[in-house]
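Written out below as structure tokens is the structure these notes cover.
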Amino acid sequence: MEYALLLPSLLLVAAYPRGGSPQQEWMQSPPAPSVTSAPFWVRLNPELEAVPPGGSAWLNCSHNCPLPVHSSLRTQLRQGKIVNGSGWVSYQLLDVRAWNSKVRCVVTCAGETREATARITAYKRPRSVILEPPVLVGHKYTLRCYVTHVFPVGFLVVSLRRGGRVIYHESLERFTGSDLANVTLTYVMRAGLNDLWQPLTCHARLNLDGLVVRSSSAPVMLTVLALSPASIALASTSIATLVGILLAVGAVYVRKYLAVQT
């Protein structure tokens with residue numbers, strides 16, 4: 001009888017150590033992990049997109065929320081197709097004509113709202129930059145540079161260089177058109193002897209809030225020098241003086257030579 005009473009007691013101690021009970025063990029089980037324990041983030045890619053004026057672009061908005069979310073794209077641009085996936089939404093933007101547009105993707109997860117931003121830039125590199133050969137008008141040279149099919153014109157700077165040095169530049173910030181444009185820059189200059197055979201070039205530069213787009217023309221040379229009447233008279237006098245000196249020196253040598261021969 002003594003062994004029969006001790007055996008159940010040993011079994012109970014083994015099953016419930018340290019005086020526990022089935023109810024206590026059930027109450028102490030770890031809680032289920034929270035589905036929102038990870039940091040909530042939203043991303044919008046690409047963050048910077050450049051398109052030609054009138055073009056379209058796709059932006060992808062992604063997040064890590066495991067719950068059903070409300071997602072929207074906020075922009076003044078016209079939206080097109082929308083493609084959904086697990087944890088992401090892609091939005092199409094159509095007919096982008098504003099040179100700089102801000103886009104926001106807003107996502108709400110479990111009552112918390114976050115957003116990500118991107119920027120779309122519409123621009124067109126000049127189709128061509130052409131510098132005509134200098135035209136002599138009177139005693140000055142006229143330089144004419146053509147910049148074709150460029151956008152946005154209001155952010156364009158056109159400059160002329162002679163031998164790598166800027167001799168003239170002009171900013172077109174006063175122009176606010178929203179279409180492709182052709183620009184003609186005309187500049188009148190005087191040239192000296194040091195300007196002969198120096199390369200002349202025309203440069204177009206778009207300054208787009210950190211994005212710089214550069215284009216340049218082929219070089220042309222100044223091969224003929226325009227002289228004023230005073231310069232021509234001075235040059236004629238100098239040449240005549242030089243000829244006179246040479247004739248005088250030649251005559252002295254001739255007399256010496258004849259004297260030696262006799």
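Scheme for the structure tokens: letters A, B, ... for chains in order shown; per-chain residue numbers from 1; ligand numbers from 1 in order shown.
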| task | Please provide as a VMD selection string all residues within 7 Å of range 57-63 of chain A, with the sequence filter that same-chain residues fewer than 3 positions apart are discarded (counting only C-alpha atoms). | result | chain A and resid 41 to 46 87 to 94 105
- Taking the chain letters and numbering used in this document, name the residues of range 71-172 of chain A that DSSP puts in strand (DSSP E), as a PyMOL selection string. chain A and resi 71-74+78-85+88-96+100-109+112-122+128-131+135-137+140-150+156-162+165-171
The residue from A:Leu211, A:Leu206, A:Leu172, A:Val135 with the smallest atom-to-atom distance to Arg190 in chain A, counting only C-alpha atoms, is A:Val135
Set the distance at 6 Å and use only C-alpha atoms: which residues neighbour Ser216 in chain A once local chain neighbours fewer than 4 positions away are removed? I'd like the list as number ranges by chain. A: 129, 202-203
**Request:** Fewer than 3 positions away in the same chain doesn't count, so skip those; otherwise give me all residues within 12 Å of Trp197 in chain A, counting only C-alpha atoms, as a list in words.
**Result:** Arg162, Gly163, Ala191, Gly192, Leu193, Asn194, Leu200, Pro219, Val220, Met221, Leu222, Thr223, Val224 and Leu225 of chain A
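CA of Glu173 in chain A is positioned 20.5 Å from CA of Ala50 in chain A.
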Quiz item: In Å, with one decimal, what is the gap from CA of Leu136 in chain A to CA of Glu170 in chain A?
Solution: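 Computed distance, CA of Leu136 in chain A to CA of Glu170 in chain A, equals 22.3 Å.
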So which residues touch Arg205 in chain A within 7 Å, counting only C-alpha atoms, skipping near sequence neighbours fewer than 4 positions away, as a short mmCIF file (atom, residue, chain, number, x, y, z; two decimals) with all heavy atoms, in the first residue's frame?
```cif
data_model
loop_
_atom_site.label_atom_id
_atom_site.label_comp_id
_atom_site.auth_asym_id
_atom_site.auth_seq_id
_atom_site.Cartn_x
_atom_site.Cartn_y
_atom_site.Cartn_z
N LEU A 156 17.08 78.55 -70.40
CA LEU A 156 18.18 78.44 -71.35
C LEU A 156 19.11 79.64 -71.24
O LEU A 156 18.68 80.78 -71.12
CB LEU A 156 17.61 78.35 -72.78
CG LEU A 156 18.63 78.24 -73.92
CD1 LEU A 156 19.35 76.91 -73.86
CD2 LEU A 156 17.92 78.41 -75.26
N VAL A 157 20.41 79.35 -71.29
CA VAL A 157 21.44 80.38 -71.36
C VAL A 157 22.29 80.09 -72.60
O VAL A 157 22.80 78.98 -72.77
CB VAL A 157 22.34 80.39 -70.10
CG1 VAL A 157 23.46 81.43 -70.25
CG2 VAL A 157 21.51 80.68 -68.86
N VAL A 158 22.43 81.10 -73.48
CA VAL A 158 23.22 80.97 -74.70
C VAL A 158 24.45 81.86 -74.57
O VAL A 158 24.33 83.03 -74.18
CB VAL A 158 22.40 81.35 -75.95
CG1 VAL A 158 23.22 81.13 -77.22
CG2 VAL A 158 21.11 80.53 -76.02
N VAL A 212 21.89 69.91 -65.32
CA VAL A 212 22.46 70.81 -66.31
C VAL A 212 22.64 70.04 -67.63
O VAL A 212 23.28 68.99 -67.66
CB VAL A 212 23.81 71.39 -65.85
CG1 VAL A 212 24.39 72.32 -66.92
CG2 VAL A 212 23.65 72.13 -64.53
N VAL A 213 22.06 70.59 -68.69
CA VAL A 213 22.15 69.97 -70.02
C VAL A 213 22.90 70.93 -70.93
O VAL A 213 22.49 72.08 -71.10
CB VAL A 213 20.74 69.67 -70.59
CG1 VAL A 213 20.84 69.01 -71.95
CG2 VAL A 213 19.96 68.80 -69.62
N ARG A 214 23.99 70.47 -71.54
CA ARG A 214 24.85 71.34 -72.35
C ARG A 214 24.89 70.85 -73.80
O ARG A 214 24.93 69.64 -74.05
CB ARG A 214 26.27 71.37 -71.80
CG ARG A 214 26.36 71.78 -70.34
CD ARG A 214 27.80 71.69 -69.84
NE ARG A 214 27.90 71.89 -68.40
CZ ARG A 214 28.06 73.05 -67.81
NH1 ARG A 214 28.15 74.15 -68.55
NH2 ARG A 214 28.14 73.15 -66.50
N SER A 215 24.94 71.81 -74.72
CA SER A 215 25.13 71.54 -76.15
C SER A 215 25.98 72.66 -76.73
O SER A 215 25.94 73.79 -76.23
CB SER A 215 23.79 71.45 -76.89
OG SER A 215 22.97 70.44 -76.34
#
```
Among A:Asn64, A:Thr148, A:Asn207, A:Ser128, Val107 in chain A is approached most closely, using only C-alpha atoms, by A:Asn64
Set out as a Markdown table a contact list for range 129-170 of chain A and range 118-123 of chain A with a cut-off of 9 Å, giving each residue of range 129-170 of chain A that qualifies its closest atom pair and distance in Å to one decimal, counting only C-alpha atoms, ordered by chain and rising residue number.
```
| residue | atom | partner | partner_atom | distance |
| --- | --- | --- | --- | --- |
| A:Val150 | CA | A:Tyr123 | CA | 7.7 |
| A:Phe151 | CA | A:Tyr123 | CA | 5.2 |
| A:Pro152 | CA | A:Tyr123 | CA | 6.0 |
```
Would you save the residues from that selection as a PDB file, in the first residue's frame, using C-alpha atoms?
```pdb
ATOM      1  CA  VAL A 150      14.671  73.300 -77.110  1.00  0.00           C
ATOM      2  CA  PHE A 151      12.480  73.216 -73.969  1.00  0.00           C
ATOM      3  CA  PRO A 152      11.986  74.920 -71.539  1.00  0.00           C
TER       4      PRO A 152
END
```
* To do: Show which residues sit within 10 Å of Leu185 in chain A, as a count of residues only. Count only C-alpha atoms, and ignore same-chain residues fewer than 6 positions away.
  => 12
